[in-house]
$ cat model16.csv   # CSV, C-alpha atoms
chain,number,residue,atom,x,y,z
A,8,MET,CA,63.6,-50.8,21.1
A,9,ARG,CA,65.4,-54.0,21.9
A,10,GLU,CA,66.0,-56.8,19.4
A,11,HIS,CA,64.0,-59.9,20.4
A,12,ALA,CA,65.3,-63.3,19.7
A,13,GLY,CA,62.4,-65.3,18.3
A,14,ILE,CA,61.5,-69.0,18.4
A,15,ASP,CA,61.0,-71.1,15.3
A,16,PHE,CA,58.4,-73.7,16.3
A,17,TRP,CA,59.0,-76.6,14.0
A,18,PHE,CA,56.2,-79.3,13.9
A,19,THR,CA,54.6,-82.0,11.8
A,20,MET,CA,51.0,-82.9,12.2
A,21,GLY,CA,51.5,-86.6,12.5
A,22,SER,CA,53.1,-86.1,15.9
A,23,THR,CA,51.3,-86.8,19.2
A,24,TYR,CA,53.3,-84.8,21.7
A,25,THR,CA,53.0,-81.8,19.4
A,26,TYR,CA,49.4,-81.5,20.6
A,27,LEU,CA,50.6,-80.1,23.9
A,28,SER,CA,52.8,-77.5,22.2
A,29,VAL,CA,50.3,-76.2,19.7
A,30,MET,CA,47.9,-75.6,22.6
A,31,ARG,CA,50.3,-73.6,24.7
A,32,VAL,CA,53.2,-72.2,22.6
A,33,GLU,CA,51.5,-68.9,21.8
A,34,ASP,CA,50.5,-68.0,25.3
A,35,ALA,CA,53.8,-69.2,26.8
A,36,ALA,CA,55.8,-67.1,24.3
A,37,ARG,CA,53.6,-64.1,24.5
A,38,SER,CA,53.9,-64.0,28.3
A,39,ALA,CA,57.6,-63.8,27.9
A,40,GLY,CA,57.4,-61.3,25.0
A,41,ILE,CA,59.1,-63.7,22.6
A,42,PRO,CA,57.8,-63.9,19.0
A,43,VAL,CA,57.0,-67.3,17.5
A,44,ARG,CA,57.2,-68.4,13.9
A,45,TRP,CA,55.2,-71.6,13.1
A,46,ARG,CA,57.2,-73.8,10.7
A,47,VAL,CA,55.7,-77.1,9.4
A,48,PHE,CA,57.7,-80.0,7.9
A,49,ALA,CA,56.5,-83.1,6.0
A,50,SER,CA,57.3,-85.9,8.5
A,51,VAL,CA,59.9,-87.2,10.9
A,52,ARG,CA,60.7,-89.9,8.3
A,53,ALA,CA,61.4,-87.2,5.7
A,54,LEU,CA,64.0,-85.7,8.1
A,55,THR,CA,65.7,-88.8,9.5
A,56,GLY,CA,65.0,-91.5,7.0
A,57,ALA,CA,63.5,-93.6,9.8
A,58,THR,CA,61.6,-96.6,8.6
A,59,GLN,CA,59.3,-96.7,11.6
A,60,VAL,CA,57.1,-94.2,13.3
A,61,PRO,CA,58.5,-93.0,16.7
A,62,PHE,CA,56.0,-95.0,18.7
A,63,ILE,CA,55.2,-98.6,17.9
A,64,GLU,CA,51.9,-100.0,19.1
A,65,GLY,CA,52.2,-102.7,21.8
A,66,THR,CA,55.5,-101.4,23.1
A,67,PRO,CA,56.1,-100.0,26.7
A,68,LYS,CA,57.2,-96.7,25.1
A,69,PHE,CA,53.9,-96.5,23.2
A,70,ARG,CA,51.9,-97.0,26.4
A,71,TYR,CA,54.1,-94.5,28.2
A,72,MET,CA,53.6,-91.9,25.5
A,73,TRP,CA,49.8,-91.9,26.0
A,74,ARG,CA,50.0,-91.8,29.7
A,75,ASP,CA,52.7,-89.1,29.7
A,76,ILE,CA,50.6,-86.9,27.3
A,77,GLU,CA,47.5,-87.5,29.5
A,78,ARG,CA,49.3,-86.4,32.7
A,79,ARG,CA,50.8,-83.4,31.0
A,80,ALA,CA,47.5,-82.4,29.4
A,81,GLN,CA,45.7,-82.6,32.7
A,82,ARG,CA,48.2,-80.4,34.3
A,83,LEU,CA,48.0,-77.9,31.4
A,84,GLY,CA,44.2,-78.0,31.4
A,85,VAL,CA,44.2,-79.2,27.8
A,86,PRO,CA,41.3,-81.7,27.1
A,87,CYS,CA,42.0,-85.1,25.6
A,88,ARG,CA,40.4,-88.6,25.4
A,89,LEU,CA,43.3,-91.1,24.9
A,90,PRO,CA,44.4,-93.1,23.2
A,91,VAL,CA,43.5,-91.7,19.8
A,92,PRO,CA,44.2,-93.3,16.4
A,93,TYR,CA,47.9,-93.2,15.6
A,94,PRO,CA,49.7,-92.9,13.2
A,95,SER,CA,47.5,-90.6,11.2
A,96,PRO,CA,47.1,-91.9,7.6
A,97,ALA,CA,46.6,-88.4,6.3
A,98,ALA,CA,49.1,-86.3,8.2
A,99,LEU,CA,50.8,-85.1,5.0
A,100,ASP,CA,47.5,-83.5,3.9
A,101,ALA,CA,47.2,-81.7,7.3
A,102,ASN,CA,50.7,-80.4,6.9
A,103,ARG,CA,49.9,-78.9,3.4
A,104,ILE,CA,46.8,-77.2,4.9
A,105,ALA,CA,48.9,-75.9,7.7
A,106,LEU,CA,51.4,-74.5,5.3
A,107,ILE,CA,48.6,-72.6,3.4
A,108,GLY,CA,47.2,-71.4,6.7
A,109,ILE,CA,50.6,-70.1,8.0
A,110,ARG,CA,51.0,-68.3,4.7
A,111,ASP,CA,47.5,-66.8,5.0
A,112,GLY,CA,47.5,-66.0,8.7
A,113,TRP,CA,45.0,-68.7,10.0
A,114,GLY,CA,47.7,-71.5,10.4
A,115,PRO,CA,47.9,-71.6,14.2
A,116,ALA,CA,44.0,-71.5,14.6
A,117,TYR,CA,43.7,-74.4,12.1
A,118,VAL,CA,46.5,-76.5,13.7
A,119,ARG,CA,44.9,-76.1,17.1
A,120,ALA,CA,41.4,-76.9,15.9
A,121,ALA,CA,42.7,-80.0,14.0
A,122,TYR,CA,44.6,-81.3,17.0
A,123,GLN,CA,41.6,-80.7,19.3
A,124,ARG,CA,39.4,-82.7,16.9
A,125,TRP,CA,42.0,-85.5,16.9
A,126,PHE,CA,42.6,-85.6,20.6
A,127,GLU,CA,39.0,-85.1,21.8
A,128,PHE,CA,37.1,-86.9,19.1
A,129,GLY,CA,39.6,-89.3,17.5
A,130,ASP,CA,39.5,-87.9,13.9
A,131,ALA,CA,43.2,-87.9,13.0
A,132,ASN,CA,44.8,-84.8,11.5
A,133,GLY,CA,44.3,-84.6,7.7
A,134,THR,CA,41.3,-87.0,7.5
A,135,GLU,CA,38.4,-85.4,5.7
A,136,ARG,CA,36.3,-85.3,8.8
A,137,ASN,CA,39.0,-83.6,10.8
A,138,SER,CA,39.8,-81.0,8.1
A,139,ARG,CA,36.2,-80.1,7.5
A,140,VAL,CA,35.7,-79.4,11.2
A,141,ALA,CA,39.0,-77.6,11.7
A,142,LEU,CA,38.7,-75.4,8.6
A,143,ALA,CA,35.1,-74.5,9.4
A,144,ALA,CA,36.4,-73.4,12.9
A,145,CYS,CA,38.8,-71.0,11.0
A,146,GLY,CA,36.0,-69.8,8.7
A,147,ARG,CA,37.7,-71.4,5.6
A,148,ASN,CA,36.1,-73.2,2.7
A,149,PHE,CA,37.0,-76.9,2.8
A,150,ASP,CA,36.9,-77.5,-1.0
A,151,ALA,CA,38.9,-74.4,-1.8
A,152,VAL,CA,41.6,-75.1,0.7
A,153,VAL,CA,41.9,-78.8,-0.3
A,154,ALA,CA,42.2,-77.8,-3.9
A,155,ARG,CA,45.1,-75.5,-3.1
A,156,ALA,CA,46.7,-78.1,-0.9
A,157,SER,CA,47.4,-80.4,-3.8
A,158,SER,CA,48.9,-77.6,-5.9
A,159,THR,CA,52.5,-77.8,-7.0
A,160,ASP,CA,53.6,-74.7,-5.2
A,161,VAL,CA,52.3,-76.0,-1.9
A,162,ILE,CA,53.9,-79.4,-2.4
A,163,ASP,CA,57.2,-77.8,-3.4
A,164,GLU,CA,57.2,-75.3,-0.5
A,165,LEU,CA,56.5,-78.1,2.1
A,166,GLU,CA,59.5,-80.0,0.6
A,167,ALA,CA,61.7,-76.8,0.8
A,168,GLN,CA,60.7,-76.2,4.4
A,169,THR,CA,61.4,-79.9,5.2
A,170,ALA,CA,64.8,-79.5,3.7
A,171,GLU,CA,65.4,-76.4,5.8
A,172,ALA,CA,64.4,-78.3,8.9
A,173,ARG,CA,66.8,-81.1,8.1
A,174,GLN,CA,69.6,-78.8,7.4
A,175,GLY,CA,69.0,-77.1,10.7
A,176,GLY,CA,69.4,-80.4,12.5
A,177,VAL,CA,65.7,-80.9,13.3
A,178,PHE,CA,64.9,-84.6,13.8
A,179,GLY,CA,61.6,-84.6,15.7
A,180,SER,CA,58.4,-82.7,16.5
A,181,PRO,CA,58.0,-80.4,18.2
A,182,THR,CA,61.4,-78.7,18.0
A,183,PHE,CA,61.9,-75.1,19.2
A,184,VAL,CA,64.9,-73.3,17.5
A,185,VAL,CA,66.4,-70.2,18.9
A,186,GLY,CA,69.3,-69.0,16.7
A,187,LYS,CA,71.4,-72.2,16.4
A,188,GLU,CA,70.1,-73.8,19.6
A,189,LEU,CA,67.6,-76.7,19.3
A,190,PHE,CA,65.1,-77.7,22.0
A,191,TRP,CA,63.3,-80.9,21.2
A,192,GLY,CA,60.1,-81.9,22.9
A,193,ASP,CA,57.1,-80.1,24.4
A,194,ASP,CA,58.8,-80.4,27.8
A,195,HIS,CA,61.6,-78.2,26.5
A,196,LEU,CA,59.5,-75.2,25.5
A,197,GLU,CA,60.3,-73.4,28.8
A,198,ASP,CA,64.0,-73.9,28.1
A,199,ALA,CA,63.6,-72.5,24.6
A,200,ILE,CA,61.8,-69.4,26.0
A,201,ALA,CA,64.5,-68.9,28.6
A,202,TRP,CA,67.2,-69.2,26.0
A,203,ALA,CA,65.4,-66.7,23.7
A,204,ASP,CA,64.9,-64.4,26.7
A,205,SER,CA,68.6,-64.4,27.7
A,206,ALA,CA,69.6,-63.9,24.0
A,207,ARG,CA,67.9,-60.6,23.8
B,8,MET,CA,54.3,-89.9,61.0
B,9,ARG,CA,53.1,-89.7,57.5
B,10,GLU,CA,53.7,-92.4,54.9
B,11,HIS,CA,56.1,-91.2,52.2
B,12,ALA,CA,55.7,-92.4,48.6
B,13,GLY,CA,59.2,-93.1,47.4
B,14,ILE,CA,60.9,-93.0,44.0
B,15,ASP,CA,62.5,-96.0,42.3
B,16,PHE,CA,65.4,-94.6,40.3
B,17,TRP,CA,66.0,-97.1,37.5
B,18,PHE,CA,69.2,-96.7,35.5
B,19,THR,CA,71.8,-98.4,33.4
B,20,MET,CA,75.4,-97.3,33.2
B,21,GLY,CA,75.6,-97.2,29.5
B,22,SER,CA,73.2,-94.3,29.3
B,23,THR,CA,74.5,-90.8,28.7
B,24,TYR,CA,71.6,-88.7,30.0
B,25,THR,CA,71.7,-90.7,33.3
B,26,TYR,CA,74.8,-88.7,34.2
B,27,LEU,CA,72.6,-85.7,35.0
B,28,SER,CA,70.3,-87.7,37.2
B,29,VAL,CA,72.9,-89.5,39.2
B,30,MET,CA,74.5,-86.2,40.1
B,31,ARG,CA,71.3,-84.6,41.3
B,32,VAL,CA,68.6,-87.2,42.3
B,33,GLU,CA,69.7,-87.5,45.9
B,34,ASP,CA,69.7,-83.8,46.6
B,35,ALA,CA,66.5,-83.1,44.7
B,36,ALA,CA,64.6,-85.9,46.5
B,37,ARG,CA,66.1,-85.1,49.9
B,38,SER,CA,64.9,-81.5,49.6
B,39,ALA,CA,61.4,-82.8,49.0
B,40,GLY,CA,61.7,-85.4,51.7
B,41,ILE,CA,61.2,-88.2,49.2
B,42,PRO,CA,63.2,-91.5,49.7
B,43,VAL,CA,65.0,-92.8,46.6
B,44,ARG,CA,65.8,-96.4,45.8
B,45,TRP,CA,68.6,-96.9,43.3
B,46,ARG,CA,67.7,-99.8,40.9
B,47,VAL,CA,70.1,-100.9,38.1
B,48,PHE,CA,69.2,-102.8,35.0
B,49,ALA,CA,71.4,-104.5,32.4
B,50,SER,CA,70.8,-102.4,29.3
B,51,VAL,CA,68.1,-100.7,27.2
B,52,ARG,CA,68.5,-103.6,24.7
B,53,ALA,CA,67.7,-106.1,27.4
B,54,LEU,CA,64.5,-104.3,28.1
B,55,THR,CA,63.2,-103.5,24.7
B,56,GLY,CA,65.0,-105.9,22.3
B,57,ALA,CA,66.3,-102.9,20.4
B,58,THR,CA,69.1,-103.8,18.0
B,59,GLN,CA,70.6,-100.3,18.1
B,60,VAL,CA,71.8,-98.0,20.8
B,61,PRO,CA,69.5,-95.1,21.4
B,62,PHE,CA,71.9,-92.6,19.8
B,63,ILE,CA,73.6,-93.4,16.5
B,64,GLU,CA,76.8,-91.5,15.8
B,65,GLY,CA,76.6,-89.1,12.8
B,66,THR,CA,72.9,-88.4,13.2
B,67,PRO,CA,71.3,-85.1,14.2
B,68,LYS,CA,69.8,-86.7,17.3
B,69,PHE,CA,73.3,-87.8,18.4
B,70,ARG,CA,74.7,-84.3,18.0
B,71,TYR,CA,71.6,-82.9,19.8
B,72,MET,CA,72.0,-85.3,22.7
B,73,TRP,CA,75.5,-84.0,23.5
B,74,ARG,CA,74.5,-80.4,23.2
B,75,ASP,CA,71.4,-80.9,25.3
B,76,ILE,CA,73.4,-82.6,28.0
B,77,GLU,CA,76.0,-79.9,27.9
B,78,ARG,CA,73.5,-77.1,28.3
B,79,ARG,CA,71.7,-78.9,31.1
B,80,ALA,CA,74.9,-79.8,32.9
B,81,GLN,CA,76.0,-76.1,32.7
B,82,ARG,CA,72.7,-75.1,34.3
B,83,LEU,CA,73.0,-77.7,37.0
B,84,GLY,CA,76.6,-76.8,37.7
B,85,VAL,CA,77.7,-80.4,36.8
B,86,PRO,CA,81.1,-80.5,35.1
B,87,CYS,CA,81.6,-82.3,31.7
B,88,ARG,CA,83.9,-82.3,28.7
B,89,LEU,CA,81.8,-83.5,25.7
B,90,PRO,CA,81.6,-85.6,23.7
B,91,VAL,CA,82.8,-88.6,25.5
B,92,PRO,CA,83.3,-92.1,24.1
B,93,TYR,CA,79.9,-93.7,23.5
B,94,PRO,CA,78.6,-96.4,23.6
B,95,SER,CA,80.6,-97.8,26.5
B,96,PRO,CA,82.0,-101.2,25.7
B,97,ALA,CA,81.9,-102.3,29.3
B,98,ALA,CA,78.7,-100.9,30.7
B,99,LEU,CA,77.5,-104.3,31.8
B,100,ASP,CA,80.5,-104.6,34.1
B,101,ALA,CA,79.7,-101.2,35.6
B,102,ASN,CA,76.1,-102.3,36.2
B,103,ARG,CA,77.3,-105.4,38.1
B,104,ILE,CA,79.6,-103.3,40.3
B,105,ALA,CA,76.7,-100.9,40.9
B,106,LEU,CA,74.5,-103.8,41.9
B,107,ILE,CA,77.1,-104.9,44.5
B,108,GLY,CA,77.5,-101.3,45.7
B,109,ILE,CA,73.7,-100.8,46.1
B,110,ARG,CA,73.6,-104.0,48.2
B,111,ASP,CA,76.5,-102.8,50.3
B,112,GLY,CA,75.6,-99.2,50.7
B,113,TRP,CA,78.2,-97.5,48.5
B,114,GLY,CA,76.3,-97.8,45.2
B,115,PRO,CA,75.3,-94.1,44.7
B,116,ALA,CA,78.9,-93.0,45.5
B,117,TYR,CA,80.4,-95.4,43.0
B,118,VAL,CA,77.9,-94.5,40.3
B,119,ARG,CA,78.5,-90.8,40.7
B,120,ALA,CA,82.3,-91.3,40.7
B,121,ALA,CA,82.2,-93.5,37.6
B,122,TYR,CA,80.0,-91.1,35.7
B,123,GLN,CA,82.2,-88.2,36.7
B,124,ARG,CA,85.3,-90.1,35.4
B,125,TRP,CA,83.5,-90.8,32.1
B,126,PHE,CA,82.1,-87.3,31.6
B,127,GLU,CA,85.2,-85.4,32.7
B,128,PHE,CA,88.1,-87.6,31.6
B,129,GLY,CA,86.5,-89.8,28.9
B,130,ASP,CA,87.0,-93.2,30.6
B,131,ALA,CA,83.7,-94.9,29.9
B,132,ASN,CA,81.8,-96.7,32.7
B,133,GLY,CA,83.0,-100.2,33.3
B,134,THR,CA,86.4,-99.9,31.7
B,135,GLU,CA,89.2,-100.9,34.0
B,136,ARG,CA,90.6,-97.3,34.3
B,137,ASN,CA,87.1,-96.0,35.2
B,138,SER,CA,86.4,-98.7,37.8
B,139,ARG,CA,89.8,-98.4,39.5
B,140,VAL,CA,89.3,-94.7,40.0
B,141,ALA,CA,85.6,-94.9,41.0
B,142,LEU,CA,86.1,-97.8,43.4
B,143,ALA,CA,89.1,-96.1,45.0
B,144,ALA,CA,86.9,-93.0,45.5
B,145,CYS,CA,84.5,-95.2,47.5
B,146,GLY,CA,87.4,-96.9,49.4
B,147,ARG,CA,86.7,-100.2,47.8
B,148,ASN,CA,89.3,-102.7,46.6
B,149,PHE,CA,89.2,-103.1,42.8
B,150,ASP,CA,90.3,-106.7,42.6
B,151,ALA,CA,87.9,-107.9,45.3
B,152,VAL,CA,84.9,-106.1,43.8
B,153,VAL,CA,85.7,-107.2,40.2
B,154,ALA,CA,85.9,-110.8,41.4
B,155,ARG,CA,82.5,-110.5,43.1
B,156,ALA,CA,81.1,-108.9,40.0
B,157,SER,CA,81.6,-112.0,37.9
B,158,SER,CA,79.9,-114.3,40.5
B,159,THR,CA,76.8,-116.1,39.6
B,160,ASP,CA,74.6,-114.5,42.2
B,161,VAL,CA,75.5,-111.0,40.9
B,162,ILE,CA,74.8,-112.0,37.3
B,163,ASP,CA,71.5,-113.6,38.3
B,164,GLU,CA,70.4,-110.7,40.4
B,165,LEU,CA,71.1,-108.2,37.7
B,166,GLU,CA,69.0,-110.4,35.3
B,167,ALA,CA,66.2,-110.5,37.9
B,168,GLN,CA,66.2,-106.8,38.4
B,169,THR,CA,66.2,-106.3,34.6
B,170,ALA,CA,63.2,-108.6,34.4
B,171,GLU,CA,61.5,-106.5,37.1
B,172,ALA,CA,62.2,-103.3,35.2
B,173,ARG,CA,60.8,-104.8,32.0
B,174,GLN,CA,57.7,-106.0,33.8
B,175,GLY,CA,57.2,-102.6,35.3
B,176,GLY,CA,57.2,-101.0,31.8
B,177,VAL,CA,60.6,-99.4,32.0
B,178,PHE,CA,62.2,-98.9,28.5
B,179,GLY,CA,64.9,-96.4,29.0
B,180,SER,CA,67.3,-94.7,31.5
B,181,PRO,CA,66.8,-92.9,33.7
B,182,THR,CA,63.3,-93.8,34.7
B,183,PHE,CA,61.7,-92.7,37.9
B,184,VAL,CA,58.9,-94.9,39.1
B,185,VAL,CA,56.4,-93.7,41.8
B,186,GLY,CA,53.8,-96.4,42.5
B,187,LYS,CA,52.6,-97.4,39.0
B,188,GLU,CA,53.6,-94.0,37.4
B,189,LEU,CA,56.7,-93.9,35.2
B,190,PHE,CA,58.6,-90.7,34.5
B,191,TRP,CA,61.2,-91.2,31.7
B,192,GLY,CA,64.2,-88.9,31.3
B,193,ASP,CA,66.3,-86.7,33.5
B,194,ASP,CA,64.1,-83.8,32.6
B,195,HIS,CA,61.1,-85.5,34.3
B,196,LEU,CA,62.7,-85.9,37.7
B,197,GLU,CA,60.8,-82.9,39.0
B,198,ASP,CA,57.5,-84.4,37.8
B,199,ALA,CA,58.3,-87.6,39.6
B,200,ILE,CA,59.1,-85.8,42.8
B,201,ALA,CA,55.9,-83.7,42.6
B,202,TRP,CA,53.9,-86.9,42.0
B,203,ALA,CA,55.5,-88.6,45.0
B,204,ASP,CA,54.9,-85.6,47.0
B,205,SER,CA,51.2,-85.4,46.1
B,206,ALA,CA,50.8,-89.2,46.7
B,207,ARG,CA,51.8,-88.9,50.4
$ encode --input "model16.csv" --output "structure tokens"
Amino acid sequence: MREHAGIDFWFTMGSTYTYLSVMRVEDAARSAGIPVRWRVFASVRALTGATQVPFIEGTPKFRYMWRDIERRAQRLGVPCRLPVPYPSPAALDANRIALIGIRDGWGPAYVRAAYQRWFEFGDANGTERNSRVALAACGRNFDAVVARASSTDVIDELEAQTAEARQGGVFGSPTFVVGKELFWGDDHLEDAIAWADSAR
Amino acid sequence: MREHAGIDFWFTMGSTYTYLSVMRVEDAARSAGIPVRWRVFASVRALTGATQVPFIEGTPKFRYMWRDIERRAQRLGVPCRLPVPYPSPAALDANRIALIGIRDGWGPAYVRAAYQRWFEFGDANGTERNSRVALAACGRNFDAVVARASSTDVIDELEAQTAEARQGGVFGSPTFVVGKELFWGDDHLEDAIAWADSAR
């Protein structure tokens, strides 16, 4: 057996571009035989200390972001109806649920369902409507998961993961980490896979 | 004869990632039979009103930028010795020279020579040492070009081009524009070429 270099897929559920990655990272990595670990962090602000979200409404960069995601989603065959509400007021709650899901094995399914709800129906990640739909899609009980999501150990673990991301140099979502190499942005997923492949 | 949709290649000479594009845009577009127009603007700040440069020394994003450029340059076979001085104190002068060069037909050659001087020897774009070397490489007289670069018509035209970029939604360098579609970042050059190709 050969050792496989894996990819740590760092994300936060307030991020827009992360939609593209959550919908394709598993298939893309599986095709290449590269294992993926889903790793969630609290927010870009928690990593960088930024006082603003990455995309400010009314700016050219904001308009570009939606159009760029739309074009890329069309090419990938990923559905979306843009623009959607941003920033999400409840992304932190979604990150805590994702953390529980990753622990329990239904994390990727929840994250995909939540993002699809946000990008197809406009219910932002972490809002009650989003979480009810996304957790139901994973066969999880909303009330039980939400109760766990506010427990001290979940809050503490998300903080610890966020600290680990920061120490590893992560500053945005999505970021793909292969060993000590960072690849930032959905459009660098292929580069990360190629790097992991050549590092075997 | 078929109509070809062309690419407007918008750039500013204070940008780091733009090095990768200036070294490859001509070949990449020529291979696809897509014409390229080189279009220079004054600065990212002049487009967006940003009060900071895009990459702040000491931040994780700053370190990532150099490593990302280094990896991409290696893959493209483009030489560089990183990091290089940034931001360039004299990028505006380089933009004015580029504007003259684009008018006169030696613009791309000058821009490539200037970037190579910056990224291989550390003389930032627009500094006297850089401009002397880069203009000599194009067979131009340094004193004559520098005198023209401070003329009113050059200053005015760079401002007009910058206004045109802003009105077109450009907010960073490099940006490839095909019709009304923007593609931001060196890593989106292939997307721009594909778009231009399908728009024929």
$ residues_around --input "model16.csv" --residues "Trp73 in chain B" --least-positions-apart "4" --cutoff "9 Å" --atoms "all atoms listed in the file" --output "number ranges by chain"
B: 23-24, 68-69, 77-78, 89-91
$ atom_distance --input "model16.csv" --atom1 "CA of Tyr122 in chain B" --atom2 "CA of Ala203 in chain B"
26.3 Å
$ atom_distance --input "model16.csv" --atom1 "CA of Met72 in chain A" --atom2 "CA of Ile104 in chain A"
26.2 Å
$ residues_around --input "model16.csv" --residues "range 105-121 of chain B" --least-positions-apart "5" --cutoff "9 Å" --atoms "all atoms listed in the file" --output "PyMOL selection string"
chain B and resi 20+26+29-30+33+45-48+100+126+130-133+137-138+140-145+147+152+155-156+161+164-165
$ atom_distance --input "model16.csv" --atom1 "CA of Gln168 in chain A" --atom2 "CA of Glu188 in chain A"
18.0 Å
$ closest_atom_pairs --input "model16.csv" --of "chain B" --to "chain A" --cutoff "8 Å" --atoms "only C-alpha atoms" --output "Markdown table"
| residue | atom | partner | partner_atom | distance |
| --- | --- | --- | --- | --- |
| B:Pro67 | CA | A:Gly176 | CA | 5.3 |
| B:Lys68 | CA | A:Phe178 | CA | 6.4 |
| B:Tyr71 | CA | A:Leu189 | CA | 7.4 |
| B:Asp75 | CA | A:Phe190 | CA | 7.8 |
| B:Gly176 | CA | A:Pro67 | CA | 5.3 |
| B:Val177 | CA | A:Pro67 | CA | 7.0 |
| B:Phe178 | CA | A:Lys68 | CA | 6.4 |
| B:Leu189 | CA | A:Tyr71 | CA | 7.5 |
| B:Phe190 | CA | A:Asp75 | CA | 7.8 |
| B:Asp194 | CA | A:Asp194 | CA | 7.9 |
$ residues_around --input "model16.csv" --residues "Ser50 in chain A" --least-positions-apart "6" --cutoff "9 Å" --atoms "only C-alpha atoms" --output "ChimeraX atom specification"
/A:18-22,98-99,102,169,179-180
$ closest_residue --input "model16.csv" --among "A:Ala201, A:Ala12, A:Asp34, A:Pro94" --to "Phe62 in chain A" --atoms "all atoms listed in the file"
A:Pro94
$ residues_around --input "model16.csv" --residues "Gly40 in chain B" --least-positions-apart "4" --cutoff "12 Å" --atoms "all atoms listed in the file" --output "list of chain:residue names"
B:Arg9, B:Glu10, B:His11, B:Ala12, B:Gly13, B:Ile14, B:Val32, B:Glu33, B:Asp34, B:Ala35, B:Ala36, B:Ile200, B:Ala201, B:Ala203, B:Asp204, B:Ser205, B:Arg207
